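Chemist: The file below is coords34.cif, mmCIF, N, CA and C atoms and all ligand atoms:
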```
data_input
#
loop_
_atom_site.label_atom_id
_atom_site.label_comp_id
_atom_site.auth_asym_id
_atom_site.auth_seq_id
_atom_site.Cartn_x
_atom_site.Cartn_y
_atom_site.Cartn_z
N MET A 6 0.83 -1.19 0.00
CA MET A 6 0.00 0.00 0.00
C MET A 6 0.87 1.25 0.00
N LEU A 7 0.57 2.15 -0.88
CA LEU A 7 1.32 3.40 -0.93
C LEU A 7 0.45 4.53 -0.38
N SER A 8 1.02 5.38 0.43
CA SER A 8 0.21 6.47 0.98
C SER A 8 0.98 7.77 1.06
N GLY A 9 2.09 7.88 0.33
CA GLY A 9 2.84 9.13 0.32
C GLY A 9 2.04 10.24 -0.33
N ASN A 10 2.36 11.46 0.04
CA ASN A 10 1.68 12.64 -0.49
C ASN A 10 0.17 12.57 -0.30
N SER A 11 -0.25 12.03 0.82
CA SER A 11 -1.67 11.98 1.15
C SER A 11 -2.14 13.38 1.55
N PRO A 12 -3.46 13.59 1.63
CA PRO A 12 -3.94 14.88 2.13
C PRO A 12 -3.32 15.23 3.48
N TRP A 13 -3.17 14.22 4.36
CA TRP A 13 -2.54 14.45 5.68
C TRP A 13 -1.12 15.00 5.51
N ASP A 14 -0.34 14.37 4.60
CA ASP A 14 1.04 14.82 4.37
C ASP A 14 1.06 16.25 3.84
N ARG A 15 0.12 16.55 2.93
CA ARG A 15 0.11 17.90 2.36
C ARG A 15 -0.24 18.93 3.44
N TRP A 16 -1.09 18.53 4.39
CA TRP A 16 -1.43 19.44 5.49
C TRP A 16 -0.25 19.60 6.44
N VAL A 17 0.29 18.46 6.91
CA VAL A 17 1.32 18.50 7.96
C VAL A 17 2.67 18.97 7.41
N HIS A 18 3.08 18.44 6.27
CA HIS A 18 4.42 18.74 5.77
C HIS A 18 4.48 19.95 4.85
N ASP A 19 3.43 20.12 4.04
CA ASP A 19 3.44 21.26 3.11
C ASP A 19 2.66 22.45 3.66
N ARG A 20 2.08 22.27 4.85
CA ARG A 20 1.28 23.33 5.51
C ARG A 20 0.14 23.83 4.61
N ASP A 21 -0.46 22.91 3.87
CA ASP A 21 -1.60 23.23 3.01
C ASP A 21 -2.88 22.92 3.77
N SER A 22 -3.45 23.93 4.43
CA SER A 22 -4.60 23.66 5.29
C SER A 22 -5.85 23.32 4.49
N ALA A 23 -5.86 23.62 3.19
CA ALA A 23 -7.00 23.28 2.35
C ALA A 23 -6.99 21.80 1.94
N ALA A 24 -5.90 21.09 2.25
CA ALA A 24 -5.79 19.68 1.83
C ALA A 24 -6.72 18.76 2.61
N VAL A 25 -7.12 19.18 3.80
CA VAL A 25 -7.97 18.33 4.65
C VAL A 25 -9.18 19.12 5.14
N SER A 26 -10.17 18.39 5.63
CA SER A 26 -11.40 19.03 6.13
C SER A 26 -11.19 19.56 7.55
N ASP A 27 -12.15 20.34 8.01
CA ASP A 27 -12.12 20.82 9.39
C ASP A 27 -12.10 19.65 10.36
N ALA A 28 -12.87 18.60 10.06
CA ALA A 28 -12.94 17.44 10.96
C ALA A 28 -11.57 16.78 11.08
N VAL A 29 -10.83 16.67 9.97
CA VAL A 29 -9.49 16.07 10.01
C VAL A 29 -8.55 16.95 10.83
N ARG A 30 -8.67 18.27 10.63
CA ARG A 30 -7.80 19.17 11.41
C ARG A 30 -8.10 19.05 12.90
N ARG A 31 -9.39 18.97 13.26
CA ARG A 31 -9.74 18.81 14.69
C ARG A 31 -9.22 17.48 15.23
N GLY A 32 -9.39 16.42 14.42
CA GLY A 32 -8.90 15.10 14.84
C GLY A 32 -7.40 15.09 15.01
N GLY A 33 -6.69 15.74 14.10
CA GLY A 33 -5.23 15.81 14.19
C GLY A 33 -4.78 16.54 15.44
N GLN A 34 -5.50 17.62 15.77
CA GLN A 34 -5.13 18.37 16.97
C GLN A 34 -5.39 17.54 18.22
N LEU A 35 -6.48 16.79 18.22
CA LEU A 35 -6.79 15.91 19.35
C LEU A 35 -5.73 14.81 19.46
N PHE A 36 -5.39 14.21 18.32
CA PHE A 36 -4.41 13.11 18.25
C PHE A 36 -3.07 13.53 18.85
N GLU A 37 -2.65 14.76 18.51
CA GLU A 37 -1.34 15.23 18.98
C GLU A 37 -1.42 15.95 20.32
N GLY A 38 -2.63 16.39 20.68
CA GLY A 38 -2.78 17.20 21.89
C GLY A 38 -3.37 16.41 23.04
N LYS A 39 -4.60 16.77 23.37
CA LYS A 39 -5.24 16.23 24.56
C LYS A 39 -5.27 14.71 24.63
N ALA A 40 -5.46 14.03 23.49
CA ALA A 40 -5.56 12.56 23.51
C ALA A 40 -4.20 11.88 23.64
N ARG A 41 -3.12 12.62 23.38
CA ARG A 41 -1.74 12.14 23.58
C ARG A 41 -1.42 10.85 22.81
N CYS A 42 -2.04 10.65 21.66
CA CYS A 42 -1.77 9.46 20.85
C CYS A 42 -0.32 9.45 20.38
N THR A 43 0.27 10.63 20.18
CA THR A 43 1.63 10.71 19.67
C THR A 43 2.68 10.35 20.73
N ALA A 44 2.23 10.02 21.94
CA ALA A 44 3.19 9.48 22.90
C ALA A 44 3.79 8.19 22.35
N CYS A 45 3.04 7.48 21.52
CA CYS A 45 3.51 6.22 20.93
C CYS A 45 3.41 6.23 19.40
N HIS A 46 2.31 6.76 18.88
CA HIS A 46 2.09 6.77 17.42
C HIS A 46 2.73 8.04 16.85
N VAL A 47 4.05 8.01 16.66
CA VAL A 47 4.79 9.22 16.28
C VAL A 47 5.35 9.15 14.86
N GLY A 48 5.72 10.32 14.35
CA GLY A 48 6.44 10.41 13.08
C GLY A 48 5.56 10.14 11.88
N SER A 49 6.20 9.97 10.73
CA SER A 49 5.44 9.88 9.49
C SER A 49 4.67 8.57 9.35
N VAL A 50 5.02 7.54 10.11
CA VAL A 50 4.23 6.30 10.07
C VAL A 50 3.40 6.11 11.34
N PHE A 51 3.48 7.08 12.24
CA PHE A 51 2.70 7.04 13.48
C PHE A 51 3.04 5.83 14.35
N SER A 52 4.33 5.56 14.53
CA SER A 52 4.74 4.45 15.38
C SER A 52 6.14 4.67 15.93
N ASP A 53 6.36 4.25 17.18
CA ASP A 53 7.71 4.26 17.74
C ASP A 53 8.35 2.87 17.66
N ALA A 54 7.73 1.96 16.92
CA ALA A 54 8.25 0.60 16.80
C ALA A 54 9.70 0.55 16.30
N PRO A 55 10.11 1.47 15.38
CA PRO A 55 11.50 1.40 14.95
C PRO A 55 12.49 1.60 16.10
N PHE A 56 12.03 2.14 17.22
CA PHE A 56 12.91 2.35 18.37
C PHE A 56 12.86 1.17 19.34
N ASP A 57 12.20 0.08 18.92
CA ASP A 57 12.12 -1.13 19.75
C ASP A 57 11.46 -0.89 21.09
N LEU A 58 10.42 -0.07 21.10
CA LEU A 58 9.68 0.16 22.33
C LEU A 58 8.42 -0.70 22.34
N TYR A 59 7.98 -1.09 23.51
CA TYR A 59 6.78 -1.91 23.66
C TYR A 59 5.83 -1.22 24.62
N HIS A 60 4.53 -1.29 24.33
CA HIS A 60 3.56 -0.60 25.18
C HIS A 60 2.33 -1.46 25.38
N LYS A 61 1.63 -1.13 26.46
CA LYS A 61 0.29 -1.67 26.65
C LYS A 61 -0.67 -0.59 26.16
N HIS A 62 -1.59 -0.96 25.31
CA HIS A 62 -2.52 0.05 24.81
C HIS A 62 -3.45 0.41 25.92
N ARG A 63 -3.51 1.70 26.23
CA ARG A 63 -4.13 2.10 27.49
C ARG A 63 -5.61 1.79 27.60
N ARG A 64 -6.32 1.74 26.49
CA ARG A 64 -7.77 1.54 26.62
C ARG A 64 -8.25 0.20 26.11
N ARG A 65 -7.43 -0.53 25.36
CA ARG A 65 -7.95 -1.68 24.64
C ARG A 65 -7.22 -2.98 24.95
N ASP A 66 -6.61 -3.08 26.12
CA ASP A 66 -5.79 -4.25 26.38
C ASP A 66 -6.51 -5.41 27.04
N GLY A 67 -7.67 -5.18 27.60
CA GLY A 67 -8.39 -6.27 28.26
C GLY A 67 -7.68 -6.65 29.56
N PRO A 68 -7.99 -7.82 30.08
CA PRO A 68 -7.44 -8.22 31.37
C PRO A 68 -5.90 -8.24 31.35
N ALA A 69 -5.29 -7.65 32.39
CA ALA A 69 -3.82 -7.61 32.46
C ALA A 69 -3.24 -9.02 32.42
N GLY A 70 -2.23 -9.20 31.60
CA GLY A 70 -1.55 -10.48 31.55
C GLY A 70 -2.26 -11.53 30.73
N ALA A 71 -3.39 -11.18 30.13
CA ALA A 71 -4.13 -12.17 29.34
C ALA A 71 -3.32 -12.60 28.11
N ARG A 72 -2.47 -11.67 27.60
CA ARG A 72 -1.64 -11.99 26.43
C ARG A 72 -0.18 -11.78 26.80
N PRO A 73 0.70 -12.71 26.49
CA PRO A 73 2.10 -12.56 26.91
C PRO A 73 2.80 -11.37 26.26
N GLY A 74 2.51 -11.10 24.97
CA GLY A 74 3.14 -9.96 24.31
C GLY A 74 4.65 -10.06 24.32
N SER A 75 5.31 -8.91 24.54
CA SER A 75 6.76 -8.86 24.36
C SER A 75 7.53 -9.48 25.52
N VAL A 76 6.87 -9.95 26.56
CA VAL A 76 7.62 -10.62 27.63
C VAL A 76 8.39 -11.81 27.05
N ASN A 77 7.88 -12.40 25.99
CA ASN A 77 8.58 -13.51 25.34
C ASN A 77 9.88 -13.06 24.68
N VAL A 78 9.95 -11.78 24.31
CA VAL A 78 11.13 -11.24 23.66
C VAL A 78 12.11 -10.67 24.68
N THR A 79 11.59 -9.84 25.58
CA THR A 79 12.47 -9.11 26.50
C THR A 79 12.76 -9.88 27.78
N LYS A 80 11.92 -10.84 28.12
CA LYS A 80 12.03 -11.62 29.37
C LYS A 80 11.83 -10.74 30.61
N ARG A 81 11.28 -9.52 30.42
CA ARG A 81 10.97 -8.67 31.57
C ARG A 81 9.50 -8.83 31.90
N ASP A 82 9.18 -9.19 33.15
CA ASP A 82 7.79 -9.46 33.49
C ASP A 82 6.88 -8.26 33.25
N GLY A 83 7.44 -7.04 33.40
CA GLY A 83 6.65 -5.83 33.18
C GLY A 83 6.20 -5.69 31.73
N ASP A 84 6.78 -6.43 30.83
CA ASP A 84 6.39 -6.36 29.42
C ASP A 84 5.28 -7.33 29.06
N ARG A 85 4.75 -8.05 30.07
CA ARG A 85 3.62 -8.94 29.81
C ARG A 85 2.45 -8.10 29.29
N GLY A 86 1.90 -8.48 28.17
CA GLY A 86 0.76 -7.75 27.60
C GLY A 86 1.16 -6.50 26.82
N ALA A 87 2.46 -6.27 26.65
CA ALA A 87 2.92 -5.10 25.89
C ALA A 87 3.26 -5.50 24.45
N PHE A 88 3.01 -4.58 23.51
CA PHE A 88 3.25 -4.85 22.10
C PHE A 88 3.89 -3.66 21.42
N LYS A 89 4.53 -3.91 20.27
CA LYS A 89 5.03 -2.81 19.47
C LYS A 89 3.85 -1.99 18.95
N THR A 90 4.07 -0.70 18.83
CA THR A 90 3.02 0.19 18.34
C THR A 90 2.85 0.01 16.84
N PRO A 91 1.67 -0.40 16.38
CA PRO A 91 1.50 -0.57 14.93
C PRO A 91 1.48 0.78 14.21
N ILE A 92 1.94 0.80 12.96
CA ILE A 92 1.86 2.03 12.18
C ILE A 92 0.39 2.30 11.88
N LEU A 93 0.05 3.56 11.72
CA LEU A 93 -1.35 3.91 11.44
C LEU A 93 -1.55 4.44 10.03
N ARG A 94 -0.53 4.33 9.17
CA ARG A 94 -0.73 4.73 7.77
C ARG A 94 -1.79 3.83 7.15
N ASN A 95 -2.73 4.39 6.43
CA ASN A 95 -3.80 3.64 5.77
C ASN A 95 -4.59 2.77 6.75
N VAL A 96 -4.67 3.20 8.01
CA VAL A 96 -5.27 2.34 9.03
C VAL A 96 -6.73 1.99 8.72
N ALA A 97 -7.42 2.86 8.00
CA ALA A 97 -8.82 2.56 7.68
C ALA A 97 -8.95 1.36 6.75
N GLU A 98 -7.82 1.01 6.07
CA GLU A 98 -7.85 -0.09 5.09
C GLU A 98 -7.30 -1.40 5.65
N THR A 99 -6.91 -1.43 6.95
CA THR A 99 -6.15 -2.59 7.43
C THR A 99 -6.84 -3.38 8.54
N ALA A 100 -8.17 -3.37 8.58
CA ALA A 100 -8.90 -4.17 9.56
C ALA A 100 -8.62 -5.66 9.32
N PRO A 101 -8.69 -6.53 10.31
CA PRO A 101 -9.04 -6.22 11.70
C PRO A 101 -7.83 -5.68 12.46
N TYR A 102 -8.04 -5.21 13.70
CA TYR A 102 -7.04 -4.46 14.43
C TYR A 102 -6.50 -5.18 15.66
N MET A 103 -5.38 -4.63 16.13
CA MET A 103 -4.57 -5.12 17.25
C MET A 103 -3.80 -6.38 16.79
N HIS A 104 -2.82 -6.80 17.60
CA HIS A 104 -1.89 -7.86 17.16
C HIS A 104 -2.61 -9.15 16.82
N ASP A 105 -3.79 -9.36 17.43
CA ASP A 105 -4.51 -10.62 17.22
C ASP A 105 -5.80 -10.43 16.42
N GLY A 106 -5.99 -9.22 15.89
CA GLY A 106 -7.17 -8.97 15.07
C GLY A 106 -8.48 -9.05 15.82
N ARG A 107 -8.42 -8.85 17.14
CA ARG A 107 -9.65 -9.03 17.93
C ARG A 107 -10.66 -7.91 17.75
N LEU A 108 -10.23 -6.75 17.25
CA LEU A 108 -11.16 -5.64 17.04
C LEU A 108 -11.45 -5.52 15.54
N LYS A 109 -12.73 -5.62 15.20
CA LYS A 109 -13.10 -5.72 13.79
C LYS A 109 -13.22 -4.36 13.10
N THR A 110 -13.46 -3.30 13.89
CA THR A 110 -13.66 -1.99 13.26
C THR A 110 -12.68 -0.97 13.81
N LEU A 111 -12.42 0.06 13.02
CA LEU A 111 -11.54 1.13 13.45
C LEU A 111 -12.14 1.88 14.64
N GLU A 112 -13.45 2.00 14.65
CA GLU A 112 -14.11 2.68 15.77
C GLU A 112 -13.80 1.95 17.07
N ALA A 113 -13.79 0.64 17.05
CA ALA A 113 -13.51 -0.14 18.26
C ALA A 113 -12.05 -0.01 18.67
N ALA A 114 -11.15 0.16 17.69
CA ALA A 114 -9.72 0.20 17.99
C ALA A 114 -9.25 1.56 18.48
N GLY A 115 -9.82 2.63 17.94
CA GLY A 115 -9.32 3.96 18.26
C GLY A 115 -9.81 4.40 19.59
C1 LIG A 201 1.24 3.94 25.31
C2 LIG A 201 1.42 3.89 23.85
C3 LIG A 201 0.18 4.17 23.00
C4 LIG A 201 -0.65 5.27 23.02
C5 LIG A 201 -0.53 6.52 23.92
C6 LIG A 201 -1.67 5.05 22.02
N1 LIG A 201 -1.45 3.86 21.38
FE1 LIG A 201 -2.58 3.07 19.90
N2 LIG A 201 -1.51 1.34 19.98
C7 LIG A 201 -0.44 1.11 20.83
C8 LIG A 201 -0.08 -0.31 20.78
C9 LIG A 201 1.07 -0.99 21.55
C10 LIG A 201 -1.01 -0.91 19.91
C11 LIG A 201 -1.08 -2.42 19.53
C12 LIG A 201 -1.81 -3.16 20.65
C13 LIG A 201 -2.04 -4.63 20.28
O1 LIG A 201 -1.60 -5.08 19.23
O2 LIG A 201 -2.68 -5.33 21.08
C14 LIG A 201 -1.88 0.16 19.41
C15 LIG A 201 -2.89 -0.01 18.48
C16 LIG A 201 -3.68 1.00 17.97
C17 LIG A 201 -4.60 0.86 16.87
C18 LIG A 201 -4.83 -0.42 16.06
C19 LIG A 201 -3.88 -0.42 14.88
C20 LIG A 201 -3.79 -1.77 14.15
O3 LIG A 201 -3.40 -1.77 12.97
O4 LIG A 201 -4.09 -2.82 14.75
C21 LIG A 201 -5.19 2.07 16.67
C22 LIG A 201 -6.22 2.44 15.61
C23 LIG A 201 -4.64 2.96 17.67
N3 LIG A 201 -3.71 2.28 18.42
C24 LIG A 201 -5.01 4.29 17.81
C25 LIG A 201 -4.62 5.08 18.88
C26 LIG A 201 -5.20 6.38 19.18
C27 LIG A 201 -6.30 7.07 18.36
C28 LIG A 201 -4.58 6.83 20.30
C29 LIG A 201 -4.88 8.10 21.08
C30 LIG A 201 -6.25 8.19 21.57
C31 LIG A 201 -3.59 5.82 20.69
N4 LIG A 201 -3.67 4.78 19.81
C32 LIG A 201 -2.72 5.94 21.76
C33 LIG A 201 0.21 2.05 21.60
C34 LIG A 201 -0.34 3.28 21.96
#
```
Can the structure from this file be put into C-alpha cells for me?
Ligand code: HEC
Modeler:
Amino acid sequence: MLSGNSPWDRWVHDRDSAAVSDAVRRGGQLFEGKARCTACHVGSVFSDAPFDLYHKHRRRDGPAGARPGSVNVTKRDGDRGAFKTPILRNVAETAPYMHDGRLKTLEAAG
C-alpha cells in the first residue's frame, strides 16, 4: 500500500490547510494534543516501533496479563501484555485491528 503525499502529508508537511477538512484538522489536533496518541504513534508512520519500544494500549488491552506480548522477547515481566506500536498509515484499510485482530472496526480500535 502506498500512501505518500496523502492529504494528511500535504497538510502537515506542506502546511496546506485546504488539503484536509475541518474534521481532520480537529482530529489531528486531538491526536497530537489532549488525547496524547503521539506518545507512541509518532512520526510519518505514526509508530515508535523502529525504536524497539513496547507498550500496553491504554484503553484496549483487556485483562492484564491475558496476552504474553513482548515478555517472550524481552524476558521482563513488566512487558507482559505489551506490544510494538503498529503504524497507522492507511489504518482505515487494514482491519481487523490489534496484534490478534480481535477488534473488527476502526471505531472499536481507536
Ligand atoms: C502507550 C502507547 C500508545 C498510546 C498513547 C496510544 N497507542 Fe494506539 N496502539 C499502541 C499499541 C502498543 C497498539 C497495539 C496493541 C495490540 O496489538 O494489542 C496500538 C494499536 C492501535 C490501533 C490499532 C492499529 C492496528 O493496525 O491494529 C489504533 C487504531 C490505535 N492504536 C489508535 C490510537 C489512538 C487514536 C490513540 C490516542 C487516543 C492511541 N492509539 C494511543 C500504543 C499506543
Chemist: Ligand LIG 201 (chain A): which residues are within 8 Å, counting all atoms listed in the file, as number ranges by chain?
Modeler: A: 35-37, 39-46, 53, 58-66, 86-97, 99-108, 110-115
Chemist: Quick one: pull the distance between CA of His18 in chain A and atom N of Ser49 in chain A, Å, one decimal.
Modeler: 10.2 Å
Chemist: Please measure the separation of CA of Val76 in chain A and CA of Asp57 in chain A, giving the value in Å to one decimal.
Modeler: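 Separating CA of Val76 in chain A from CA of Asp57 in chain A is a distance of 13.1 Å.
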Chemist: Edge lengths and centre in Å to one decimal, as AutoDock Vina command-line options, is what I'm after for the box along x, y and z that holds all listed atoms of range 20-33 of chain A once 8 Å is added on each side.
Modeler:
```
--center_x -5.4 --center_y 19.5 --center_z 8.6 --size_x 31.0 --size_y 24.8 --size_z 29.6
```
Chemist: Would you please give, as a list in words, all residues of range 16-85 of chain A that DSSP assigns to helix (DSSP H, G or I) based on the backbone?
Modeler: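 Answer for range 16-85 of chain A restricted to helix (DSSP H, G or I) is Trp16, Val17, Ser22, Ala23, Ala24, Asp27, Ala28, Val29, Arg30, Arg31, Gly32, Gly33, Gln34, Leu35, Phe36, Glu37, Cys42, Thr43, Ala44, Ala54, Pro55, Phe56, Val76, Asn77, Val78, Thr79, Asp82, Gly83 and Asp84 of chain A.
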Chemist: One number please: CA of Val47 in chain A to CA of Leu7 in chain A, in Å, one decimal.
Modeler: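 Between these atoms lies a distance of 18.5 Å.
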Chemist: Can you pull out every residue from chain A that DSSP, working from the backbone, puts in strand (DSSP E or B), and format the result as an MDAnalysis selection string?
Modeler: chainID A and resid 60 74 85 88 102 108
Chemist: Limited to N, CA and C atoms, could you put the picked residues into a file as a PDB file, in the frame of the given file?
Modeler:
```
ATOM      1  N   HIS A  60       4.530  -1.290  24.330  1.00  0.00           N
ATOM      2  CA  HIS A  60       3.560  -0.600  25.180  1.00  0.00           C
ATOM      3  C   HIS A  60       2.330  -1.460  25.380  1.00  0.00           C
ATOM      4  N   GLY A  74       2.510 -11.100  24.970  1.00  0.00           N
ATOM      5  CA  GLY A  74       3.140  -9.960  24.310  1.00  0.00           C
ATOM      6  C   GLY A  74       4.650 -10.060  24.320  1.00  0.00           C
ATOM      7  N   ARG A  85       4.750  -8.050  30.070  1.00  0.00           N
ATOM      8  CA  ARG A  85       3.620  -8.940  29.810  1.00  0.00           C
ATOM      9  C   ARG A  85       2.450  -8.100  29.290  1.00  0.00           C
ATOM     10  N   PHE A  88       3.010  -4.580  23.510  1.00  0.00           N
ATOM     11  CA  PHE A  88       3.250  -4.850  22.100  1.00  0.00           C
ATOM     12  C   PHE A  88       3.890  -3.660  21.420  1.00  0.00           C
ATOM     13  N   TYR A 102      -8.040  -5.210  13.700  1.00  0.00           N
ATOM     14  CA  TYR A 102      -7.040  -4.460  14.430  1.00  0.00           C
ATOM     15  C   TYR A 102      -6.500  -5.180  15.660  1.00  0.00           C
ATOM     16  N   LEU A 108     -10.230  -6.750  17.250  1.00  0.00           N
ATOM     17  CA  LEU A 108     -11.160  -5.640  17.040  1.00  0.00           C
ATOM     18  C   LEU A 108     -11.450  -5.520  15.540  1.00  0.00           C
TER      19      LEU A 108
END
```
